[in-house]
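Undergrad: Have a peek at coords.cif (mmCIF, C-alpha atoms).
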data_target
loop_
_atom_site.group_PDB
_atom_site.id
_atom_site.type_symbol
_atom_site.label_atom_id
_atom_site.label_comp_id
_atom_site.auth_asym_id
_atom_site.auth_seq_id
_atom_site.Cartn_x
_atom_site.Cartn_y
_atom_site.Cartn_z
ATOM 1 C CA MET A 1376 0.000 0.000 0.000
ATOM 2 C CA MET A 1377 2.798 2.404 0.950
ATOM 3 C CA MET A 1378 4.701 1.610 -2.255
ATOM 4 C CA GLU A 1379 1.580 2.353 -4.303
ATOM 5 C CA ARG A 1380 1.219 5.760 -2.643
ATOM 6 C CA TRP A 1381 4.846 6.574 -3.355
ATOM 7 C CA ARG A 1382 4.401 5.500 -6.955
ATOM 8 C CA LEU A 1383 1.362 7.784 -7.384
ATOM 9 C CA LEU A 1384 3.222 10.681 -5.733
ATOM 10 C CA ILE A 1385 6.200 10.288 -8.078
ATOM 11 C CA ILE A 1386 3.922 10.155 -11.118
ATOM 12 C CA SER A 1387 2.140 13.320 -9.955
ATOM 13 C CA ILE A 1388 5.445 15.154 -9.532
ATOM 14 C CA LEU A 1389 6.633 14.073 -12.973
ATOM 15 C CA VAL A 1390 3.381 15.295 -14.516
ATOM 16 C CA LEU A 1391 3.493 18.684 -12.785
ATOM 17 C CA LEU A 1392 7.246 19.300 -13.006
ATOM 18 C CA PRO A 1393 7.411 20.402 -16.685
ATOM 19 C CA GLY A 1394 4.811 23.057 -16.028
ATOM 20 C CA LEU A 1395 6.650 24.267 -12.950
ATOM 21 C CA ILE A 1396 9.927 24.465 -14.864
ATOM 22 C CA ASN A 1397 8.678 25.881 -18.149
ATOM 23 C CA GLY A 1398 5.879 28.164 -16.947
ATOM 24 C CA ALA A 1399 6.079 31.829 -17.894
ATOM 25 C CA ASP A 1400 7.671 34.388 -15.624
ATOM 26 C CA PRO A 1401 4.967 35.627 -13.198
ATOM 27 C CA SER A 1402 5.547 39.293 -14.096
ATOM 28 C CA ASP A 1403 5.104 38.496 -17.796
ATOM 29 C CA ALA A 1404 1.914 36.570 -17.090
ATOM 30 C CA ALA A 1405 0.512 39.388 -14.944
ATOM 31 C CA ALA A 1406 1.240 41.986 -17.642
ATOM 32 C CA LEU A 1407 -0.540 39.930 -20.288
ATOM 33 C CA ASN A 1408 -3.464 39.223 -17.937
ATOM 34 C CA ILE A 1409 -3.957 42.982 -17.582
ATOM 35 C CA MET A 1410 -3.473 43.511 -21.300
ATOM 36 C CA PHE A 1411 -6.145 40.901 -22.066
ATOM 37 C CA SER A 1412 -8.635 42.511 -19.678
ATOM 38 C CA SER A 1413 -7.877 45.978 -21.073
ATOM 39 C CA MET A 1414 -8.668 44.674 -24.566
ATOM 40 C CA ASN A 1415 -12.109 43.613 -23.340
ATOM 41 C CA SER A 1416 -11.122 39.927 -23.069
ATOM 42 C CA PRO A 1417 -11.404 39.205 -26.802
ATOM 43 C CA SER A 1418 -12.281 35.677 -27.890
ATOM 44 C CA GLN A 1419 -9.869 36.044 -30.831
ATOM 45 C CA LEU A 1420 -6.941 35.683 -28.419
ATOM 46 C CA THR A 1421 -7.281 31.979 -27.814
ATOM 47 C CA GLY A 1422 -5.547 30.699 -24.718
ATOM 48 C CA TRP A 1423 -5.324 34.125 -23.070
ATOM 49 C CA THR A 1424 -6.909 34.698 -19.657
ATOM 50 C CA SER A 1425 -7.437 37.706 -17.402
ATOM 51 C CA SER A 1426 -6.033 35.861 -14.388
ATOM 52 C CA GLY A 1427 -3.311 33.264 -14.079
ATOM 53 C CA GLY A 1428 -2.517 30.918 -16.936
ATOM 54 C CA ASP A 1429 0.755 30.345 -18.780
ATOM 55 C CA PRO A 1430 1.413 32.637 -21.772
ATOM 56 C CA CYS A 1431 4.135 30.229 -22.921
ATOM 57 C CA ASN A 1432 1.600 27.467 -23.354
ATOM 58 C CA GLY A 1433 -0.433 28.133 -26.477
ATOM 59 C CA TRP A 1434 -1.460 31.787 -26.092
ATOM 60 C CA LYS A 1435 -2.213 33.134 -29.571
ATOM 61 C CA GLY A 1436 0.514 35.425 -30.897
ATOM 62 C CA VAL A 1437 2.854 34.895 -27.937
ATOM 63 C CA THR A 1438 6.337 33.409 -28.290
ATOM 64 C CA CYS A 1439 8.609 32.539 -25.378
ATOM 65 C CA SER A 1440 12.228 31.654 -24.810
ATOM 66 C CA GLY A 1441 12.508 29.621 -21.638
ATOM 67 C CA SER A 1442 10.181 31.246 -19.131
ATOM 68 C CA ARG A 1443 10.227 34.726 -20.701
ATOM 69 C CA VAL A 1444 7.841 36.178 -23.262
ATOM 70 C CA THR A 1445 9.923 37.424 -26.203
ATOM 71 C CA GLN A 1446 7.370 38.201 -28.940
ATOM 72 C CA ILE A 1447 3.787 39.469 -29.006
ATOM 73 C CA LYS A 1448 2.289 39.488 -32.505
ATOM 74 C CA ILE A 1449 -1.460 40.083 -32.540
ATOM 75 C CA SER A 1450 -1.898 42.093 -35.743
ATOM 76 C CA GLY A 1451 -5.183 42.371 -37.620
ATOM 77 C CA LEU A 1452 -7.502 40.655 -35.152
ATOM 78 C CA GLY A 1453 -10.106 43.404 -34.758
ATOM 79 C CA LEU A 1454 -9.034 44.057 -31.167
ATOM 80 C CA THR A 1455 -10.518 46.972 -29.203
ATOM 81 C CA GLY A 1456 -10.076 48.687 -25.849
ATOM 82 C CA SER A 1457 -6.547 49.559 -24.708
ATOM 83 C CA ILE A 1458 -3.282 47.673 -24.291
ATOM 84 C CA GLY A 1459 -2.912 47.806 -20.517
ATOM 85 C CA TYR A 1460 -0.599 49.617 -18.128
ATOM 86 C CA GLN A 1461 1.987 47.060 -16.995
ATOM 87 C CA LEU A 1462 3.860 46.513 -20.244
ATOM 88 C CA ALA A 1463 7.161 47.786 -18.833
ATOM 89 C CA SER A 1464 7.567 44.501 -16.950
ATOM 90 C CA LEU A 1465 7.849 42.660 -20.296
ATOM 91 C CA THR A 1466 11.604 43.167 -20.291
ATOM 92 C CA ALA A 1467 12.419 40.219 -22.603
ATOM 93 C CA VAL A 1468 10.016 41.227 -25.395
ATOM 94 C CA THR A 1469 11.890 42.193 -28.557
ATOM 95 C CA ASP A 1470 9.017 42.114 -31.068
ATOM 96 C CA PHE A 1471 5.743 43.904 -30.225
ATOM 97 C CA ASP A 1472 3.281 44.037 -33.132
ATOM 98 C CA ILE A 1473 -0.314 45.081 -32.419
ATOM 99 C CA SER A 1474 -0.887 46.750 -35.787
ATOM 100 C CA ASN A 1475 -4.145 46.893 -37.752
ATOM 101 C CA ASN A 1476 -6.529 46.766 -34.811
ATOM 102 C CA ASN A 1477 -9.187 49.154 -33.445
ATOM 103 C CA PHE A 1478 -7.818 50.283 -30.094
ATOM 104 C CA GLY A 1479 -8.136 54.073 -30.155
ATOM 105 C CA GLY A 1480 -7.174 56.341 -27.264
ATOM 106 C CA THR A 1481 -3.638 57.160 -26.189
ATOM 107 C CA VAL A 1482 -0.657 54.827 -25.966
ATOM 108 C CA PRO A 1483 0.410 54.137 -22.353
ATOM 109 C CA TYR A 1484 3.701 55.617 -21.244
ATOM 110 C CA ASN A 1485 5.051 52.302 -19.979
ATOM 111 C CA LEU A 1486 5.989 50.076 -22.905
ATOM 112 C CA PRO A 1487 8.274 47.008 -23.131
ATOM 113 C CA PRO A 1488 11.686 48.662 -22.674
ATOM 114 C CA ASN A 1489 13.889 46.372 -24.782
ATOM 115 C CA VAL A 1490 11.792 46.113 -27.936
ATOM 116 C CA GLN A 1491 13.618 45.967 -31.261
ATOM 117 C CA ASN A 1492 10.548 45.974 -33.510
ATOM 118 C CA LEU A 1493 7.593 48.143 -32.450
ATOM 119 C CA ASN A 1494 4.579 48.186 -34.763
ATOM 120 C CA PHE A 1495 1.519 50.241 -33.774
ATOM 121 C CA ALA A 1496 0.404 51.035 -37.334
ATOM 122 C CA ASN A 1497 -3.276 51.587 -38.090
ATOM 123 C CA CYS A 1498 -4.663 51.253 -34.558
ATOM 124 C CA ASN A 1499 -6.626 54.524 -34.266
ATOM 125 C CA PHE A 1500 -4.278 55.785 -31.543
ATOM 126 C CA ASN A 1501 -4.326 59.512 -30.820
ATOM 127 C CA GLY A 1502 -2.622 62.010 -28.539
ATOM 128 C CA ALA A 1503 1.128 62.384 -28.221
ATOM 129 C CA VAL A 1504 3.725 59.881 -29.334
ATOM 130 C CA PRO A 1505 4.912 58.483 -25.966
ATOM 131 C CA TYR A 1506 8.169 59.982 -24.746
ATOM 132 C CA SER A 1507 9.153 56.593 -23.286
ATOM 133 C CA ILE A 1508 10.224 55.566 -26.797
ATOM 134 C CA SER A 1509 13.279 57.733 -26.062
ATOM 135 C CA THR A 1510 14.619 55.064 -23.699
ATOM 136 C CA MET A 1511 14.202 52.057 -26.026
ATOM 137 C CA THR A 1512 17.873 51.830 -26.847
ATOM 138 C CA SER A 1513 17.527 48.483 -28.684
ATOM 139 C CA LEU A 1514 14.860 49.770 -31.080
ATOM 140 C CA LYS A 1515 15.522 49.031 -34.762
ATOM 141 C CA HIS A 1516 12.118 49.386 -36.457
ATOM 142 C CA LEU A 1517 9.421 51.857 -35.389
ATOM 143 C CA ASP A 1518 6.060 52.019 -37.180
ATOM 144 C CA LEU A 1519 3.409 54.414 -35.842
ATOM 145 C CA SER A 1520 1.839 55.137 -39.221
ATOM 146 C CA HIS A 1521 -1.842 55.553 -40.050
ATOM 147 C CA ASN A 1522 -2.999 56.715 -36.641
ATOM 148 C CA GLN A 1523 -4.134 60.055 -35.250
ATOM 149 C CA PHE A 1524 -1.061 61.043 -33.251
ATOM 150 C CA ASN A 1525 -0.906 64.813 -32.895
ATOM 151 C CA GLY A 1526 1.155 67.621 -31.449
ATOM 152 C CA GLN A 1527 4.921 67.933 -31.581
ATOM 153 C CA LEU A 1528 7.153 64.896 -31.826
ATOM 154 C CA ASN A 1529 8.642 65.133 -28.334
ATOM 155 C CA VAL A 1530 10.801 62.031 -28.521
ATOM 156 C CA ASP A 1531 14.524 62.281 -27.784
ATOM 157 C CA PHE A 1532 16.240 60.122 -30.399
ATOM 158 C CA THR A 1533 19.729 60.639 -28.942
ATOM 159 C CA GLN A 1534 20.024 57.103 -27.540
ATOM 160 C CA LEU A 1535 18.320 55.358 -30.474
ATOM 161 C CA SER A 1536 21.344 54.930 -32.710
ATOM 162 C CA SER A 1537 20.225 51.416 -33.742
ATOM 163 C CA LEU A 1538 17.034 52.663 -35.401
ATOM 164 C CA ASN A 1539 16.976 51.544 -39.025
ATOM 165 C CA THR A 1540 13.385 52.261 -40.084
ATOM 166 C CA VAL A 1541 10.948 54.922 -38.858
ATOM 167 C CA ASP A 1542 7.421 55.345 -40.246
ATOM 168 C CA LEU A 1543 5.356 58.207 -38.799
ATOM 169 C CA SER A 1544 3.293 58.786 -41.923
ATOM 170 C CA ASP A 1545 -0.418 59.581 -42.026
ATOM 171 C CA ASN A 1546 -0.802 61.216 -38.629
ATOM 172 C CA SER A 1547 -1.361 64.827 -37.512
ATOM 173 C CA LEU A 1548 2.080 65.600 -36.090
ATOM 174 C CA THR A 1549 3.098 69.267 -35.997
ATOM 175 C CA GLY A 1550 6.101 71.482 -35.303
ATOM 176 C CA ASN A 1551 9.723 71.177 -36.305
ATOM 177 C CA LEU A 1552 11.569 67.893 -36.599
ATOM 178 C CA PRO A 1553 13.482 67.182 -33.365
ATOM 179 C CA ALA A 1554 17.165 68.087 -33.494
ATOM 180 C CA SER A 1555 17.947 64.662 -32.032
ATOM 181 C CA PHE A 1556 17.061 63.104 -35.404
ATOM 182 C CA SER A 1557 20.706 63.802 -36.239
ATOM 183 C CA SER A 1558 21.679 61.001 -33.822
ATOM 184 C CA LEU A 1559 20.010 58.339 -35.970
ATOM 185 C CA THR A 1560 23.233 57.209 -37.588
ATOM 186 C CA SER A 1561 21.799 53.824 -38.675
ATOM 187 C CA LEU A 1562 18.604 55.203 -40.221
ATOM 188 C CA ASN A 1563 17.951 53.909 -43.754
ATOM 189 C CA SER A 1564 14.254 54.663 -44.186
ATOM 190 C CA LEU A 1565 12.190 57.588 -42.881
ATOM 191 C CA SER A 1566 8.515 58.137 -43.768
ATOM 192 C CA LEU A 1567 7.009 61.435 -42.591
ATOM 193 C CA GLN A 1568 4.447 62.047 -45.321
ATOM 194 C CA ASN A 1569 0.927 63.264 -44.661
ATOM 195 C CA ASN A 1570 1.520 65.143 -41.419
ATOM 196 C CA GLN A 1571 1.702 68.828 -40.523
ATOM 197 C CA PHE A 1572 5.403 69.217 -39.783
ATOM 198 C CA THR A 1573 6.942 72.660 -40.290
ATOM 199 C CA GLY A 1574 10.423 74.172 -40.493
ATOM 200 C CA THR A 1575 13.221 72.623 -42.523
ATOM 201 C CA ILE A 1576 14.542 69.097 -42.971
ATOM 202 C CA ASP A 1577 18.171 70.186 -42.546
ATOM 203 C CA VAL A 1578 18.555 67.906 -39.521
ATOM 204 C CA LEU A 1579 18.314 64.932 -41.895
ATOM 205 C CA ALA A 1580 21.127 66.064 -44.180
ATOM 206 C CA ASP A 1581 23.889 63.806 -42.841
ATOM 207 C CA LEU A 1582 21.852 60.661 -42.219
ATOM 208 C CA PRO A 1583 22.513 57.520 -44.316
ATOM 209 C CA LEU A 1584 18.980 57.545 -45.721
ATOM 210 C CA GLN A 1585 18.146 55.394 -48.714
ATOM 211 C CA ASN A 1586 14.406 56.101 -48.544
ATOM 212 C CA LEU A 1587 12.904 59.428 -47.475
ATOM 213 C CA ASN A 1588 9.333 60.650 -47.899
ATOM 214 C CA VAL A 1589 8.338 64.072 -46.512
ATOM 215 C CA ALA A 1590 5.455 64.821 -48.912
ATOM 216 C CA ASN A 1591 2.321 66.660 -47.820
ATOM 217 C CA ASN A 1592 3.721 68.572 -44.852
ATOM 218 C CA HIS A 1593 4.451 72.280 -44.359
ATOM 219 C CA PHE A 1594 8.222 72.191 -44.541
ATOM 220 C CA THR A 1595 9.950 75.311 -45.793
ATOM 221 C CA GLY A 1596 10.135 75.093 -49.574
ATOM 222 C CA ASP A 1597 7.276 72.576 -49.929
ATOM 223 C CA ARG A 1598 5.140 73.029 -52.985
ATOM 224 C CA LYS A 1599 1.436 73.154 -52.285
#
Could I get this structure in the form of structure tokens?
TA:
Amino acid sequence: MMMERWRLLIISILVLLPGLINGADPSDAAALNIMFSSMNSPSQLTGWTSSGGDPCNGWKGVTCSGSRVTQIKISGLGLTGSIGYQLASLTAVTDFDISNNNFGGTVPYNLPPNVQNLNFANCNFNGAVPYSISTMTSLKHLDLSHNQFNGQLNVDFTQLSSLNTVDLSDNSLTGNLPASFSSLTSLNSLSLQNNQFTGTIDVLADLPLQNLNVANNHFTGDRK
């Protein structure tokens, strides 16, 4: 009888152990729980829950390495609501793509800090471009196009020397281009068309740009 109990206990441990070892980091899980609730708990995100669960075990659009969430790709799913307020704890996420959804509202200040690819295109976002982008020193590709971002572009690009592609097109951004654009020494492609920028584009003169579009703004010398 005792041997049978020990056998059942060992089997139970062996069954539970993989989940205990491979389960997602609790801070990652909590951030995605909040994100799911903030998006109105959409049925499109199969596997996701608003409490508990393991994002590394079959959550739609989520990729992990070990216990850490490294990619969130949930583009084009008709998602609504907002994207939560605890995203800064997703410190291992390098690819964050929520493009082509119907969120609206402003983007939270706290975003995954070590993202390399950030895609918020066509999400109906408005308000200011979040200043926290200034601290994403690993960022390589930034796409905020086809939204309703407005006001001046108050992002400090000084520390973003790895940025290769920036697309801010089709928004309502105003004012002069930030002087810190001159720090973007890896920038190959810059899309600024269909905004309301003013001033000159002199700050771009020494950048290694292969693709540049500044059409339909109010830059000095623009033809109407």
Undergrad: At what distance in Å, to one decimal, does CA of Thr1549 in chain A lie from CA of Tyr1460 in chain A?
TA: 26.8 Å
Undergrad: Convert the output of the PyMOL selection byres ((chain A and resi 1438-1449) around 10) on the shown file into explicit residues, formatted as a PyMOL selection string.
TA: chain A and resi 1395-1404+1407+1419-1420+1429-1437+1450-1454+1465-1476+1489-1490+1492+1494
Undergrad: What is the distance, in Å and to one decimal place, between CA of Leu1519 in chain A and CA of Ala1405 in chain A?
TA: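 Value for the CA of Leu1519 in chain A-CA of Ala1405 in chain A distance: 25.9 Å.
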Undergrad: Under the rule of at most 10 Å, produce a per-residue listing of range 1405-1482 of chain A near range 1522-1546 of chain A: chain, number, name, the closest pair of atoms, and the distance in Å, as a Markdown table, using only C-alpha atoms.
TA:
| residue | atom | partner | partner_atom | distance |
| --- | --- | --- | --- | --- |
| A:Asn1475 | CA | A:Asn1522 | CA | 10.0 |
| A:Gly1479 | CA | A:Asn1522 | CA | 8.7 |
| A:Gly1480 | CA | A:Gln1523 | CA | 9.3 |
| A:Thr1481 | CA | A:Phe1524 | CA | 8.5 |
| A:Val1482 | CA | A:Phe1524 | CA | 9.6 |
Undergrad: Could you work out how far CA of Leu1486 in chain A lies from CA of Val1504 in chain A, giving the answer in Å with one decimal?
TA: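 Distance between the two atoms: 11.9 Å.
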Undergrad: Given the file shown, determine the residues that the PyMOL selection byres ((chain A and resi 1583) around 8) selects; report them as an MDAnalysis selection string.
TA: chainID A and resid 1560:1563 1581:1582 1584:1585
Undergrad: Got time to write the residues from that selection, C-alpha atoms, as a PDB file, in the coordinates of the input?
TA:
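The file below, result.pdb, is the result:
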ATOM      1  CA  THR A1560      23.233  57.209 -37.588  1.00  0.00           C
ATOM      2  CA  SER A1561      21.799  53.824 -38.675  1.00  0.00           C
ATOM      3  CA  LEU A1562      18.604  55.203 -40.221  1.00  0.00           C
ATOM      4  CA  ASN A1563      17.951  53.909 -43.754  1.00  0.00           C
ATOM      5  CA  ASP A1581      23.889  63.806 -42.841  1.00  0.00           C
ATOM      6  CA  LEU A1582      21.852  60.661 -42.219  1.00  0.00           C
ATOM      7  CA  LEU A1584      18.980  57.545 -45.721  1.00  0.00           C
ATOM      8  CA  GLN A1585      18.146  55.394 -48.714  1.00  0.00           C
TER       9      GLN A1585
END
Undergrad: Evaluate the PyMOL selection byres ((chain A and resi 1572-1577) around 7) here and jot the selected residues down as a list in words.
TA: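 With the PyMOL selection byres ((chain A and resi 1572-1577) around 7) on this model, the match is Leu1548, Thr1549, Gly1550, Asn1551, Asn1570, Gln1571, Val1578, Leu1579, Ala1580, Asn1592, His1593, Phe1594 and Thr1595 of chain A.
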Undergrad: Next, the residues of the selection above should be written as a PDB file, in the coordinates of the input with C-alpha atoms.
TA:
ATOM      1  CA  LEU A1548       2.080  65.600 -36.090  1.00  0.00           C
ATOM      2  CA  THR A1549       3.098  69.267 -35.997  1.00  0.00           C
ATOM      3  CA  GLY A1550       6.101  71.482 -35.303  1.00  0.00           C
ATOM      4  CA  ASN A1551       9.723  71.177 -36.305  1.00  0.00           C
ATOM      5  CA  ASN A1570       1.520  65.143 -41.419  1.00  0.00           C
ATOM      6  CA  GLN A1571       1.702  68.828 -40.523  1.00  0.00           C
ATOM      7  CA  VAL A1578      18.555  67.906 -39.521  1.00  0.00           C
ATOM      8  CA  LEU A1579      18.314  64.932 -41.895  1.00  0.00           C
ATOM      9  CA  ALA A1580      21.127  66.064 -44.180  1.00  0.00           C
ATOM     10  CA  ASN A1592       3.721  68.572 -44.852  1.00  0.00           C
ATOM     11  CA  HIS A1593       4.451  72.280 -44.359  1.00  0.00           C
ATOM     12  CA  PHE A1594       8.222  72.191 -44.541  1.00  0.00           C
ATOM     13  CA  THR A1595       9.950  75.311 -45.793  1.00  0.00           C
TER      14      THR A1595
END
Undergrad: For each of A:Ser1564, A:Thr1424, A:Ser1547, A:Asn1477, take the minimum atom-to-atom distance to Phe1411 in chain A, counting only C-alpha atoms, then give the residue where this is smallest.
TA: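 Of the candidates, the smallest distance to Phe1411 in chain A is held by A:Thr1424.
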Undergrad: Between A:Thr1510, A:Ser1520, A:Asn1485, A:Ser1464, which is the closest to Asn1497 in chain A once you count only C-alpha atoms?
TA: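 Going through A:Thr1510, A:Ser1520, A:Asn1485, A:Ser1464 one by one, the smallest distance to Asn1497 in chain A is for A:Ser1520.
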Undergrad: Skipping near chain neighbours, those fewer than 2 positions away, what residues fall within 7 Å of Gly1459 in chain A using only C-alpha atoms, listed as a list in words?
TA: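 Counting only C-alpha atoms, the residues come to Ile1409, Met1410, Ser1413, Ser1457, Gln1461 and Leu1462 of chain A.
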Undergrad: Based on the selection just made, write C-alpha atoms of those residues as a PDB file, keeping the file's coordinate frame.
TA:
ATOM      1  CA  ILE A1409      -3.957  42.982 -17.582  1.00  0.00           C
ATOM      2  CA  MET A1410      -3.473  43.511 -21.300  1.00  0.00           C
ATOM      3  CA  SER A1413      -7.877  45.978 -21.073  1.00  0.00           C
ATOM      4  CA  SER A1457      -6.547  49.559 -24.708  1.00  0.00           C
ATOM      5  CA  GLN A1461       1.987  47.060 -16.995  1.00  0.00           C
ATOM      6  CA  LEU A1462       3.860  46.513 -20.244  1.00  0.00           C
TER       7      LEU A1462
END
